[in-house]
>>> print(open('upload-v1.cif').read())   # mmCIF, C-alpha atoms and all ligand atoms
data_entry
loop_
_atom_site.label_atom_id
_atom_site.label_comp_id
_atom_site.auth_asym_id
_atom_site.auth_seq_id
_atom_site.Cartn_x
_atom_site.Cartn_y
_atom_site.Cartn_z
CA MET A 508 0.00 0.00 0.00
CA GLU A 509 1.31 3.46 -0.95
CA LYS A 510 0.36 6.91 0.36
CA ILE A 511 -0.69 9.18 -2.51
CA THR A 512 -2.05 12.72 -2.54
CA ILE A 513 -4.21 13.87 -5.42
CA LEU A 514 -4.20 17.63 -5.95
CA GLY A 515 -7.47 18.79 -7.47
CA ALA A 516 -10.85 17.45 -6.39
CA GLY A 517 -12.60 17.95 -9.72
CA SER A 518 -13.95 15.22 -12.00
CA TRP A 519 -10.67 13.60 -12.95
CA GLY A 520 -8.91 13.88 -9.58
CA THR A 521 -11.93 12.29 -7.90
CA ALA A 522 -12.24 9.47 -10.46
CA LEU A 523 -8.54 8.65 -10.09
CA ALA A 524 -8.93 8.68 -6.29
CA ILE A 525 -11.52 5.92 -6.75
CA VAL A 526 -9.09 3.84 -8.85
CA LEU A 527 -6.31 4.20 -6.27
CA ALA A 528 -8.66 3.52 -3.33
CA ASP A 529 -9.95 0.38 -5.10
CA ASN A 530 -6.30 -0.72 -5.32
CA GLY A 531 -5.96 -0.45 -1.54
CA HIS A 532 -3.79 2.68 -1.40
CA ASP A 533 -3.99 5.39 1.25
CA VAL A 534 -5.57 8.14 -0.88
CA ARG A 535 -5.73 11.79 0.11
CA LEU A 536 -7.78 14.08 -2.10
CA TRP A 537 -6.84 17.75 -1.70
CA GLY A 538 -9.14 20.53 -2.89
CA HIS A 539 -9.16 24.27 -2.35
CA ARG A 540 -12.89 24.49 -1.55
CA LYS A 541 -13.70 23.67 2.04
CA GLU A 542 -17.38 22.80 1.44
CA LEU A 543 -16.43 20.23 -1.17
CA ILE A 544 -13.86 18.59 1.12
CA GLU A 545 -16.41 18.44 3.94
CA GLU A 546 -18.88 16.79 1.59
CA ILE A 547 -16.27 14.21 0.56
CA ASN A 548 -15.43 13.37 4.17
CA LYS A 549 -18.93 13.44 5.66
CA GLU A 550 -21.15 12.25 2.82
CA HIS A 551 -18.62 10.49 0.56
CA LYS A 552 -19.95 12.46 -2.40
CA ASN A 553 -18.62 15.03 -4.86
CA SER A 554 -21.94 16.45 -5.96
CA LYS A 555 -20.54 19.17 -8.20
CA TYR A 556 -18.24 17.01 -10.32
CA LEU A 557 -19.47 13.39 -10.10
CA PRO A 558 -22.98 13.68 -8.67
CA GLU A 559 -24.07 10.09 -9.40
CA ILE A 560 -21.17 8.43 -7.59
CA ASN A 561 -20.80 7.21 -4.01
CA LEU A 562 -17.13 7.51 -3.15
CA PRO A 563 -15.23 4.79 -1.31
CA LYS A 564 -15.13 5.72 2.40
CA GLU A 565 -11.35 5.19 2.35
CA ILE A 566 -10.82 8.42 0.33
CA ASN A 567 -9.87 11.19 2.76
CA GLY A 568 -10.45 14.77 1.72
CA PHE A 569 -7.97 17.48 2.75
CA HIS A 570 -8.33 21.23 2.66
CA SER A 571 -4.92 21.95 4.20
CA LEU A 572 -2.21 21.32 1.62
CA GLU A 573 0.41 21.03 4.32
CA GLU A 574 -1.49 18.23 6.08
CA ALA A 575 -2.27 16.53 2.79
CA LEU A 576 1.46 16.25 2.02
CA ILE A 577 2.76 14.94 5.35
CA GLY A 578 4.73 11.75 4.71
CA ILE A 579 3.94 11.88 0.97
CA GLN A 580 6.41 11.01 -1.81
CA THR A 581 3.94 10.65 -4.70
CA ILE A 582 1.42 13.24 -5.88
CA VAL A 583 -1.10 13.28 -8.71
CA LEU A 584 -1.57 16.72 -10.22
CA ALA A 585 -5.19 16.91 -11.44
CA VAL A 586 -5.91 20.61 -11.82
CA PRO A 587 -6.43 22.50 -15.10
CA THR A 588 -3.24 23.45 -16.94
CA LYS A 589 -3.62 27.11 -16.05
CA ALA A 590 -3.60 26.28 -12.29
CA ILE A 591 -0.50 24.06 -12.32
CA ARG A 592 2.10 26.74 -11.56
CA GLU A 593 0.04 28.17 -8.71
CA VAL A 594 -0.59 24.78 -7.08
CA LEU A 595 3.02 23.64 -7.45
CA GLY A 596 4.20 26.94 -5.97
CA GLN A 597 2.12 26.16 -2.88
CA VAL A 598 3.40 22.56 -2.77
CA CYS A 599 7.04 23.70 -2.79
CA LYS A 600 6.37 25.93 0.22
CA VAL A 601 5.05 23.13 2.43
CA THR A 602 7.20 20.07 1.72
CA ASN A 603 10.90 19.18 1.76
CA THR A 604 10.45 15.65 0.41
CA PRO A 605 11.48 14.85 -3.19
CA LEU A 606 8.29 13.95 -5.06
CA THR A 607 7.26 11.71 -7.89
CA VAL A 608 4.79 13.96 -9.73
CA ILE A 609 2.16 12.22 -11.85
CA HIS A 610 0.35 14.72 -14.02
CA VAL A 611 -2.96 13.99 -15.71
CA SER A 612 -3.77 17.38 -17.22
CA LYS A 613 -4.10 17.89 -20.97
CA GLY A 614 -2.86 21.23 -22.18
CA ILE A 615 0.01 23.41 -23.37
CA GLU A 616 0.84 26.78 -21.89
CA PRO A 617 0.24 29.63 -24.36
CA ASP A 618 3.20 31.98 -24.95
CA THR A 619 5.83 29.81 -23.17
CA LEU A 620 4.60 26.89 -25.33
CA LEU A 621 5.69 24.48 -22.61
CA ARG A 622 4.25 21.00 -22.25
CA ILE A 623 3.04 20.12 -18.77
CA SER A 624 6.08 18.06 -17.76
CA GLU A 625 8.19 21.08 -18.80
CA ILE A 626 6.06 23.44 -16.69
CA ILE A 627 6.56 21.13 -13.71
CA LYS A 628 10.34 21.12 -14.19
CA ASP A 629 10.28 24.88 -14.61
CA GLU A 630 8.31 25.40 -11.40
CA MET A 631 9.90 22.89 -9.00
CA PRO A 632 13.47 22.97 -7.70
CA GLU A 633 15.46 19.90 -8.80
CA ALA A 634 15.90 18.79 -5.18
CA LEU A 635 12.12 18.45 -4.78
CA LEU A 636 11.47 16.62 -8.05
CA LYS A 637 12.25 12.92 -8.16
CA ASP A 638 10.37 11.98 -11.33
CA VAL A 639 7.67 13.35 -13.61
CA VAL A 640 5.18 10.91 -15.12
CA VAL A 641 2.27 11.73 -17.43
CA LEU A 642 -0.89 9.58 -17.37
CA SER A 643 -3.08 10.08 -20.44
CA GLY A 644 -5.48 8.29 -22.77
CA PRO A 645 -9.17 7.89 -23.60
CA SER A 646 -10.64 8.12 -20.11
CA HIS A 647 -13.69 10.12 -19.15
CA ALA A 648 -14.02 10.51 -15.38
CA GLU A 649 -17.74 9.72 -15.58
CA GLU A 650 -16.99 6.19 -16.88
CA VAL A 651 -13.85 5.53 -14.82
CA SER A 652 -15.82 6.33 -11.66
CA LEU A 653 -18.40 3.70 -12.69
CA ARG A 654 -15.52 1.24 -13.07
CA HIS A 655 -16.18 0.76 -16.79
CA PRO A 656 -13.25 -0.71 -18.76
CA THR A 657 -10.68 1.99 -19.53
CA THR A 658 -7.16 1.96 -20.98
CA VAL A 659 -4.51 4.63 -20.48
CA THR A 660 -0.77 5.13 -21.01
CA VAL A 661 1.90 6.38 -18.63
CA SER A 662 5.10 7.98 -19.85
CA SER A 663 8.25 9.29 -18.22
CA GLU A 664 11.94 9.76 -18.94
CA SER A 665 12.39 7.02 -16.34
CA MET A 666 10.97 3.60 -17.27
CA GLU A 667 11.29 2.61 -13.63
CA ALA A 668 9.00 5.49 -12.63
CA SER A 669 6.53 4.61 -15.42
CA GLU A 670 6.35 1.01 -14.27
CA TYR A 671 5.88 2.10 -10.64
CA ILE A 672 2.90 4.26 -11.66
CA GLN A 673 1.57 1.51 -13.94
CA ASP A 674 1.47 -0.80 -10.90
CA LEU A 675 -0.17 1.83 -8.68
CA PHE A 676 -3.14 2.37 -10.99
CA MET A 677 -3.60 -0.91 -12.84
CA ASN A 678 -6.64 -3.02 -11.97
CA GLN A 679 -9.38 -5.10 -13.55
CA HIS A 680 -11.21 -2.02 -14.89
CA PHE A 681 -8.27 0.28 -15.48
CA ARG A 682 -5.55 -1.06 -17.76
CA VAL A 683 -2.30 0.92 -17.91
CA TYR A 684 0.33 0.72 -20.67
CA THR A 685 3.77 2.35 -20.74
CA ASN A 686 5.28 4.38 -23.59
CA PRO A 687 8.66 6.16 -23.29
CA ASP A 688 7.62 8.96 -25.70
CA VAL A 689 6.74 11.79 -23.28
CA ILE A 690 6.51 14.41 -26.05
CA GLY A 691 4.14 12.35 -28.21
CA VAL A 692 1.95 11.41 -25.23
CA GLU A 693 1.65 14.99 -23.98
CA ILE A 694 1.09 16.53 -27.42
CA GLY A 695 -1.58 13.97 -28.40
CA GLY A 696 -3.46 14.48 -25.12
CA ALA A 697 -3.38 18.25 -25.34
CA LEU A 698 -4.18 18.74 -29.03
CA LYS A 699 -7.09 16.31 -29.25
CA ASN A 700 -9.11 18.87 -27.27
CA ILE A 701 -8.85 21.31 -30.20
CA ILE A 702 -10.29 18.76 -32.59
CA ALA A 703 -13.02 17.84 -30.06
CA LEU A 704 -14.11 21.47 -29.92
CA ALA A 705 -14.23 21.50 -33.72
CA ALA A 706 -16.21 18.23 -33.78
CA GLY A 707 -18.68 19.72 -31.30
CA ILE A 708 -19.04 22.74 -33.58
CA THR A 709 -19.82 20.67 -36.69
CA ASP A 710 -22.32 18.61 -34.68
CA GLY A 711 -23.88 21.84 -33.40
CA LEU A 712 -24.13 23.09 -36.97
CA GLY A 713 -26.06 19.93 -37.82
CA TYR A 714 -23.39 18.38 -40.06
CA GLY A 715 -23.23 14.64 -39.70
CA ASP A 716 -20.82 11.80 -39.20
CA ASN A 717 -18.90 12.44 -42.44
CA ALA A 718 -17.77 15.80 -41.13
CA LYS A 719 -16.80 14.31 -37.79
CA ALA A 720 -14.82 11.48 -39.38
CA ALA A 721 -13.06 14.05 -41.54
CA LEU A 722 -12.16 16.13 -38.49
CA ILE A 723 -10.86 13.14 -36.55
CA THR A 724 -8.74 11.93 -39.47
CA ARG A 725 -7.41 15.25 -40.68
CA GLY A 726 -7.10 16.39 -37.07
CA LEU A 727 -4.87 13.43 -36.35
CA ALA A 728 -2.80 14.33 -39.42
CA GLU A 729 -2.10 17.83 -38.13
CA ILE A 730 -1.47 16.68 -34.55
CA ALA A 731 1.03 14.09 -35.82
CA ARG A 732 2.66 16.65 -38.14
CA LEU A 733 3.31 19.06 -35.29
CA GLY A 734 4.03 16.39 -32.68
CA SER A 735 6.67 14.64 -34.76
CA LYS A 736 8.33 17.93 -35.64
CA MET A 737 8.53 18.65 -31.90
CA GLY A 738 10.32 15.32 -31.40
CA GLY A 739 7.43 12.92 -30.69
CA ASN A 740 7.42 9.40 -32.14
CA PRO A 741 4.94 9.35 -35.08
CA LEU A 742 3.68 5.92 -33.93
CA THR A 743 2.49 7.37 -30.60
CA PHE A 744 -0.22 9.29 -32.46
CA SER A 745 -1.82 6.03 -33.58
CA GLY A 746 -1.97 4.84 -29.97
CA LEU A 747 -4.22 5.42 -26.96
CA THR A 748 -3.00 8.95 -26.31
CA GLY A 749 -3.38 9.89 -29.98
CA ILE A 750 -6.20 8.45 -32.04
CA GLY A 751 -7.68 6.73 -28.93
CA ASP A 752 -8.23 9.95 -27.04
CA LEU A 753 -9.22 11.78 -30.20
CA ILE A 754 -12.03 9.29 -30.83
CA VAL A 755 -13.41 9.39 -27.30
CA THR A 756 -13.29 13.15 -26.97
CA CYS A 757 -14.82 13.84 -30.38
CA THR A 758 -17.66 11.34 -29.96
CA SER A 759 -18.62 11.31 -26.29
CA VAL A 760 -21.32 13.41 -24.66
CA HIS A 761 -19.14 13.34 -21.54
CA SER A 762 -16.51 15.45 -23.26
CA ARG A 763 -16.37 19.01 -21.94
CA ASN A 764 -14.59 20.13 -25.10
CA TRP A 765 -17.14 18.53 -27.42
CA ARG A 766 -20.02 19.99 -25.39
CA ALA A 767 -18.49 23.47 -25.47
CA GLY A 768 -17.99 23.16 -29.24
CA HIS A 769 -21.58 21.97 -29.65
CA MET A 770 -22.87 25.13 -27.96
CA LEU A 771 -20.62 27.27 -30.15
CA GLY A 772 -21.99 25.50 -33.23
CA LYS A 773 -25.51 26.27 -31.99
CA GLY A 774 -24.63 29.96 -32.01
CA LYS A 775 -23.67 30.73 -28.39
CA ASN A 776 -20.65 32.98 -27.88
CA LEU A 777 -17.47 31.79 -26.17
CA ASP A 778 -18.01 33.68 -22.89
CA GLU A 779 -21.55 32.31 -22.50
CA VAL A 780 -20.30 28.79 -23.22
CA LEU A 781 -17.44 28.86 -20.72
CA GLU A 782 -19.69 30.44 -18.09
CA SER A 783 -22.29 27.69 -18.44
CA MET A 784 -19.81 24.77 -18.43
CA GLY A 785 -18.64 25.07 -14.80
CA MET A 786 -15.76 22.72 -15.64
CA VAL A 787 -12.49 23.21 -17.43
CA VAL A 788 -12.52 23.33 -21.26
CA GLU A 789 -8.80 22.91 -21.91
CA GLY A 790 -9.08 23.13 -25.70
CA VAL A 791 -9.67 26.88 -25.71
CA ARG A 792 -6.27 27.85 -24.25
CA THR A 793 -4.61 24.97 -26.10
CA THR A 794 -5.92 26.32 -29.41
CA LYS A 795 -4.00 29.51 -28.73
CA ALA A 796 -0.86 27.56 -27.83
CA ALA A 797 -1.13 25.23 -30.86
CA TYR A 798 -1.69 28.20 -33.17
CA GLN A 799 1.56 29.68 -31.84
CA LEU A 800 3.37 26.31 -32.07
CA ALA A 801 2.28 25.86 -35.71
CA LYS A 802 3.92 29.19 -36.53
CA LYS A 803 7.04 28.40 -34.51
CA TYR A 804 7.56 24.99 -36.15
CA ASP A 805 6.24 26.08 -39.56
CA VAL A 806 3.67 23.27 -39.67
CA LYS A 807 0.35 23.42 -41.52
CA MET A 808 -2.55 23.16 -39.04
CA PRO A 809 -5.64 24.28 -40.94
CA ILE A 810 -8.23 22.98 -38.43
CA THR A 811 -6.41 24.61 -35.52
CA ASN A 812 -6.16 27.88 -37.44
CA ALA A 813 -9.85 27.78 -38.36
CA LEU A 814 -10.84 27.14 -34.74
CA TYR A 815 -8.55 29.95 -33.59
CA ASP A 816 -10.43 32.32 -35.92
CA VAL A 817 -13.79 31.17 -34.52
CA LEU A 818 -12.71 31.45 -30.88
CA PHE A 819 -10.64 34.62 -30.98
CA ASN A 820 -11.31 36.52 -34.23
CA GLY A 821 -15.10 36.49 -34.38
CA VAL A 822 -15.32 34.29 -37.50
CA GLU A 823 -18.68 32.47 -37.80
CA ALA A 824 -18.42 28.70 -37.31
CA LYS A 825 -20.12 27.96 -40.65
CA GLN A 826 -17.79 30.31 -42.48
CA ALA A 827 -14.78 28.58 -40.90
CA VAL A 828 -16.01 25.18 -42.13
CA ASP A 829 -16.66 26.62 -45.61
CA SER A 830 -13.12 28.00 -45.73
CA LEU A 831 -11.63 24.66 -44.68
CA MET A 832 -13.56 22.90 -47.45
CA ALA A 833 -12.48 25.48 -50.03
CA ARG A 834 -8.75 25.12 -49.36
CA VAL A 835 -6.55 24.56 -52.36
CA LYS A 836 -6.51 20.92 -53.48
CA THR A 837 -3.76 18.73 -52.10
CA HIS A 838 -2.53 15.15 -51.71
CA GLU A 839 -3.82 13.33 -48.62
CA MET A 840 -0.34 12.22 -47.54
CA GLU A 841 1.21 15.55 -48.50
CA ASP A 842 3.98 15.52 -45.89
CA LEU A 843 4.69 11.82 -45.92
CA VAL A 844 4.82 10.99 -49.60
CA ASN A 845 6.44 12.75 -52.50
CA ILE A 846 3.67 12.65 -55.07
CA THR A 847 6.07 11.93 -57.91
CA ASP A 848 7.14 8.70 -56.13
CA LEU A 849 3.61 7.25 -56.15
CA PRO A 850 3.06 4.17 -58.34
CA ASN A 851 1.08 4.92 -61.49
CA LEU A 852 -2.05 2.86 -60.68
N1 LIG B 901 -12.58 14.97 -16.64
C1 LIG B 901 -12.00 14.00 -17.32
O1 LIG B 901 -12.65 13.02 -17.71
C2 LIG B 901 -10.55 14.09 -17.66
C3 LIG B 901 -9.83 15.25 -17.45
N2 LIG B 901 -8.50 15.27 -17.77
C4 LIG B 901 -7.70 16.46 -17.52
O2 LIG B 901 -7.58 16.66 -16.12
C5 LIG B 901 -7.43 18.06 -15.84
C6 LIG B 901 -8.47 18.45 -14.80
O3 LIG B 901 -9.72 18.26 -15.43
P1 LIG B 901 -11.07 17.98 -14.69
O4 LIG B 901 -10.89 17.24 -13.43
O5 LIG B 901 -11.99 17.44 -15.72
O6 LIG B 901 -11.51 19.47 -14.36
P2 LIG B 901 -12.68 19.95 -13.43
O7 LIG B 901 -13.07 21.28 -13.94
O8 LIG B 901 -13.68 18.88 -13.28
O9 LIG B 901 -11.93 20.09 -12.03
C7 LIG B 901 -10.82 20.91 -11.85
C8 LIG B 901 -10.50 20.96 -10.36
O10 LIG B 901 -9.34 21.76 -10.16
C9 LIG B 901 -9.66 22.76 -9.22
N3 LIG B 901 -8.88 23.96 -9.40
C10 LIG B 901 -8.94 24.86 -10.41
N4 LIG B 901 -8.06 25.86 -10.22
C11 LIG B 901 -7.44 25.58 -9.04
C12 LIG B 901 -6.45 26.25 -8.29
N5 LIG B 901 -5.88 27.38 -8.73
N6 LIG B 901 -6.07 25.71 -7.11
C13 LIG B 901 -6.62 24.56 -6.67
N7 LIG B 901 -7.57 23.87 -7.35
C14 LIG B 901 -7.96 24.39 -8.53
C15 LIG B 901 -11.13 23.02 -9.42
O11 LIG B 901 -11.66 23.70 -8.32
P3 LIG B 901 -12.99 24.60 -8.45
O12 LIG B 901 -14.12 23.68 -8.17
O13 LIG B 901 -12.80 25.65 -7.45
O14 LIG B 901 -13.02 25.15 -9.85
C16 LIG B 901 -11.64 21.60 -9.59
O15 LIG B 901 -11.75 20.98 -8.33
C17 LIG B 901 -7.62 18.79 -17.18
O16 LIG B 901 -6.37 19.11 -17.71
C18 LIG B 901 -8.31 17.75 -18.06
O17 LIG B 901 -7.99 17.92 -19.44
C19 LIG B 901 -7.85 14.20 -18.27
C20 LIG B 901 -8.53 13.02 -18.49
C21 LIG B 901 -9.93 12.88 -18.20
O1 LIG B 902 -9.42 13.93 -21.85
C1 LIG B 902 -10.54 13.51 -21.68
C2 LIG B 902 -10.93 12.12 -21.95
O2 LIG B 902 -9.84 11.32 -22.24
C3 LIG B 902 -11.58 14.44 -21.21
O3 LIG B 902 -11.88 15.30 -22.22
P1 LIG B 902 -12.83 16.56 -21.95
O4 LIG B 902 -12.01 17.51 -21.08
O5 LIG B 902 -13.18 17.10 -23.26
O6 LIG B 902 -14.02 16.06 -21.18
#
>>> encode(input="upload-v1.cif", output="structure tokens", more="lines below")
Ligand SMILES: NC(=O)C1=CN([C@@H]2O[C@H](COP(=O)(O)OP(=O)(O)OC[C@H]3O[C@@H](n4cnc5c(N)ncnc54)[C@H](OP(=O)(O)O)[C@@H]3O)[C@@H](O)[C@H]2O)C=CC1
Ligand SMILES: O=C(CO)COP(=O)(O)O
Amino acid sequence: MEKITILGAGSWGTALAIVLADNGHDVRLWGHRKELIEEINKEHKNSKYLPEINLPKEINGFHSLEEALIGIQTIVLAVPTKAIREVLGQVCKVTNTPLTVIHVSKGIEPDTLLRISEIIKDEMPEALLKDVVVLSGPSHAEEVSLRHPTTVTVSSESMEASEYIQDLFMNQHFRVYTNPDVIGVEIGGALKNIIALAAGITDGLGYGDNAKAALITRGLAEIARLGSKMGGNPLTFSGLTGIGDLIVTCTSVHSRNWRAGHMLGKGKNLDEVLESMGMVVEGVRTTKAAYQLAKKYDVKMPITNALYDVLFNGVEAKQAVDSLMARVKTHEMEDLVNITDLPNL
């Protein structure tokens, strides 16, 4: 049995607390809202984020970060990307113990263009950081908390750390793979949210499955184009953290990004949508970051650019789709195959 503290008592932090509690670990769930922590401890519920679920009584909620970290060597960081620096800053003030940091967030920081493992290294002194491990894959909290079959991948520069985390989480309902490609895993997990927003938009506009299949496929092409230029293994994008997460996020009603996109497609404006969600929609900030990354790496990302125009430049969703369809003709495998090398079929 290990002692683990999860930072962030939202949907995903709470669902992962259930997995770890089911595996017999001593799980502490830290959240910054006192009422929520009291509800977890007294009623074994998290009514805001997973209202249908009764939590295992073994999950202990903490409101004091200092108390939550006493005797702890492993933490799970389950807050939105934009809160990571703030939370880690608080962590570094209240512990002296080197930590294995498992992060489960899916985003990229605009402007710095750092991936989450890079933000963690940037924010924590080396003496406090033992290992960084990312856990990612097609895994909606709503289904994990019901113990429905789910598969994810963990990745770290240290295979030993990856295998340690694999063992912590793995059970009959939650199957964990390892993959040494941290860049590919983090880029796939972050960028699929952009495509999910776009898929929500086309669904909201009333376009059908053809449009969604096109977005998933061409979305994967642009994610893989950027991700491999950044140093990711192209094969990672055909795995759980690439196409796997892209499928689940673009097709599931649980997806916050898809739901936000759906409202945009129905004509709501971005502020109204984010206000009504009450949960993090990572794809919005990540669209900004990916737009900047595409420029930096000189990679074509037409779907990302179109979504950027809808979110930040006031372009109508339908007009953005029309412009994507009217792009100059091209070869499907434009970056992978030199057209003159193709066999003359
Ligand atoms: N939900 C899911 O199925 C999955 C989510 N993820 C990723 O996990 C990350 C978290 O997502 P998710 O759990 O869905 O998000 P939620 O919006 O459900 O929960 C986020 C939690 O973080 C808390 N929080 C926000 N800012 C701070 C802060 N500054 N200090 C302390 N706590 C803070 C929120 O508190 P408050 O209530 O006050 O807002 C809330 O408890 C995201 O990056 C997401 O992409 C990954 C896989 C699956
Ligand atoms: O990453 C997720 C599922 O794997 C969750 O996606 P959403 O944030 O869109 O709900």
>>> closest_residue(input="upload-v1.cif", among="A:Leu572, A:Ile609, A:Leu653, A:Leu800", to="Val639 of chain A", atoms="only C-alpha atoms")
A:Ile609
>>> closest_atom_pairs(input="upload-v1.cif", of="chain A", to="ligand LIG 901 (chain B)", cutoff="7 Å", atoms="only C-alpha atoms and all ligand atoms", output="tab-separated table")
residue	atom	partner	partner_atom	distance
A:Gly515	CA	B:LIG901	O10	4.4
A:Ala516	CA	B:LIG901	O15	4.1
A:Gly517	CA	B:LIG901	O9	3.2
A:Ser518	CA	B:LIG901	O8	3.9
A:Trp519	CA	B:LIG901	O4	3.7
A:Gly520	CA	B:LIG901	O4	5.5
A:Gly538	CA	B:LIG901	N7	5.8
A:His539	CA	B:LIG901	C13	5.0
A:Arg540	CA	B:LIG901	O13	6.0
A:Tyr556	CA	B:LIG901	O8	5.7
A:Ala585	CA	B:LIG901	C6	4.9
A:Val586	CA	B:LIG901	O10	4.0
A:Pro587	CA	B:LIG901	O16	4.3
A:Thr588	CA	B:LIG901	O16	5.4
A:Ala590	CA	B:LIG901	N5	4.4
A:Glu593	CA	B:LIG901	N5	6.0
A:Val594	CA	B:LIG901	N6	5.6
A:Val611	CA	B:LIG901	O2	5.4
A:Ser612	CA	B:LIG901	O16	3.2
A:Lys613	CA	B:LIG901	O16	4.2
A:Gly614	CA	B:LIG901	O16	6.1
A:Ser643	CA	B:LIG901	C20	6.5
A:Ser646	CA	B:LIG901	C21	5.2
A:His647	CA	B:LIG901	O1	3.4
A:Ala648	CA	B:LIG901	O1	3.7
A:Glu649	CA	B:LIG901	O1	6.4
A:Gly785	CA	B:LIG901	O7	6.8
A:Met786	CA	B:LIG901	O7	3.5
A:Val787	CA	B:LIG901	O7	4.0
A:Glu789	CA	B:LIG901	O17	5.6
>>> axis_aligned_box(input="upload-v1.cif", around="ligand LIG 902 (chain B)", padding_each_side="4 Å", output="lines of an AutoDock Vina configuration file")
center_x = -11.7
center_y = 14.4
center_z = -22.2
size_x = 12.6
size_y = 14.2
size_z = 10.2
>>> residues_near_ligand(input="upload-v1.cif", ligand="ligand LIG 902 (chain B)", cutoff="10 Å", atoms="all atoms listed in the file", output="number ranges by chain")
A: 518-519, 587, 611-614, 643-650, 657-659, 696-697, 699-704, 747-748, 751-768, 786-790
>>> residues_around(input="upload-v1.cif", residues="Asn553 of chain A", least_positions_apart="5", cutoff="8 Å", atoms="all atoms listed in the file", output="list in words")
Thr521, Leu543, Glu546, Ile547, Pro558, Ile560 and Leu562 of chain A
>>> atom_distance(input="upload-v1.cif", atom1="atom CA of Val806 of chain A", atom2="atom CA of Glu729 of chain A")
8.1 Å
>>> residues_around(input="upload-v1.cif", residues="segment 808-812 of chain A", least_positions_apart="6", cutoff="8 Å", atoms="all atoms listed in the file", output="list in words")
Ile701, Ile702, Ala705, Leu722, Gly726, Glu729, Ile730, Thr794, Ala797, Tyr798, Ala801 and Leu831 of chain A
>>> closest_residue(input="upload-v1.cif", among="A:Asn740, A:Gly746, A:Leu814, A:Ile723", to="Pro687 of chain A", atoms="only C-alpha atoms")
A:Asn740
>>> closest_residue(input="upload-v1.cif", among="A:Ser662, A:Thr709, A:Ser652, A:Asn603", to="Leu771 of chain A", atoms="all atoms listed in the file")
A:Thr709
>>> atom_distance(input="upload-v1.cif", atom1="atom CA of Glu542 of chain A", atom2="atom CA of Thr607 of chain A")
28.6 Å
>>> closest_residue(input="upload-v1.cif", among="A:Glu841, A:Pro741, A:Glu625, A:Val526", to="Asn678 of chain A", atoms="all atoms listed in the file")
A:Val526
>>> residues_near_point(input="upload-v1.cif", point="(15.0, 19.1, -7.0)", cutoff="12 Å", atoms="all atoms listed in the file", output="compact mmCIF listing (two decimals) with C-alpha atoms, in the coordinates of the input")
# COMPACT_ATOMS: atom_id res chain seq x y z
CA CYS A 599 7.04 23.70 -2.79
CA THR A 602 7.20 20.07 1.72
CA ASN A 603 10.90 19.18 1.76
CA THR A 604 10.45 15.65 0.41
CA PRO A 605 11.48 14.85 -3.19
CA LEU A 606 8.29 13.95 -5.06
CA THR A 607 7.26 11.71 -7.89
CA VAL A 608 4.79 13.96 -9.73
CA ILE A 627 6.56 21.13 -13.71
CA LYS A 628 10.34 21.12 -14.19
CA ASP A 629 10.28 24.88 -14.61
CA GLU A 630 8.31 25.40 -11.40
CA MET A 631 9.90 22.89 -9.00
CA PRO A 632 13.47 22.97 -7.70
CA GLU A 633 15.46 19.90 -8.80
CA ALA A 634 15.90 18.79 -5.18
CA LEU A 635 12.12 18.45 -4.78
CA LEU A 636 11.47 16.62 -8.05
CA LYS A 637 12.25 12.92 -8.16
CA ASP A 638 10.37 11.98 -11.33
CA VAL A 639 7.67 13.35 -13.61
>>> closest_residue(input="upload-v1.cif", among="A:Gly774, A:Met784, A:Ala721, A:Ala813", to="Glu839 of chain A", atoms="only C-alpha atoms")
A:Ala721
>>> atom_distance(input="upload-v1.cif", atom1="atom CA of Val822 of chain A", atom2="atom CA of His838 of chain A")
27.1 Å
>>> decode(input="upload-v1.cif", residues="segment 635-647 of chain A", atoms="C-alpha atoms", output="PDB file, in the first residue's frame")
ATOM      1  CA  LEU A 635      12.117  18.453  -4.782  1.00  0.00           C
ATOM      2  CA  LEU A 636      11.468  16.624  -8.048  1.00  0.00           C
ATOM      3  CA  LYS A 637      12.254  12.922  -8.156  1.00  0.00           C
ATOM      4  CA  ASP A 638      10.374  11.977 -11.326  1.00  0.00           C
ATOM      5  CA  VAL A 639       7.668  13.346 -13.605  1.00  0.00           C
ATOM      6  CA  VAL A 640       5.183  10.909 -15.123  1.00  0.00           C
ATOM      7  CA  VAL A 641       2.269  11.725 -17.431  1.00  0.00           C
ATOM      8  CA  LEU A 642      -0.894   9.576 -17.367  1.00  0.00           C
ATOM      9  CA  SER A 643      -3.076  10.079 -20.436  1.00  0.00           C
ATOM     10  CA  GLY A 644      -5.480   8.290 -22.771  1.00  0.00           C
ATOM     11  CA  PRO A 645      -9.174   7.890 -23.604  1.00  0.00           C
ATOM     12  CA  SER A 646     -10.642   8.116 -20.109  1.00  0.00           C
ATOM     13  CA  HIS A 647     -13.692  10.117 -19.145  1.00  0.00           C
TER      14      HIS A 647
END
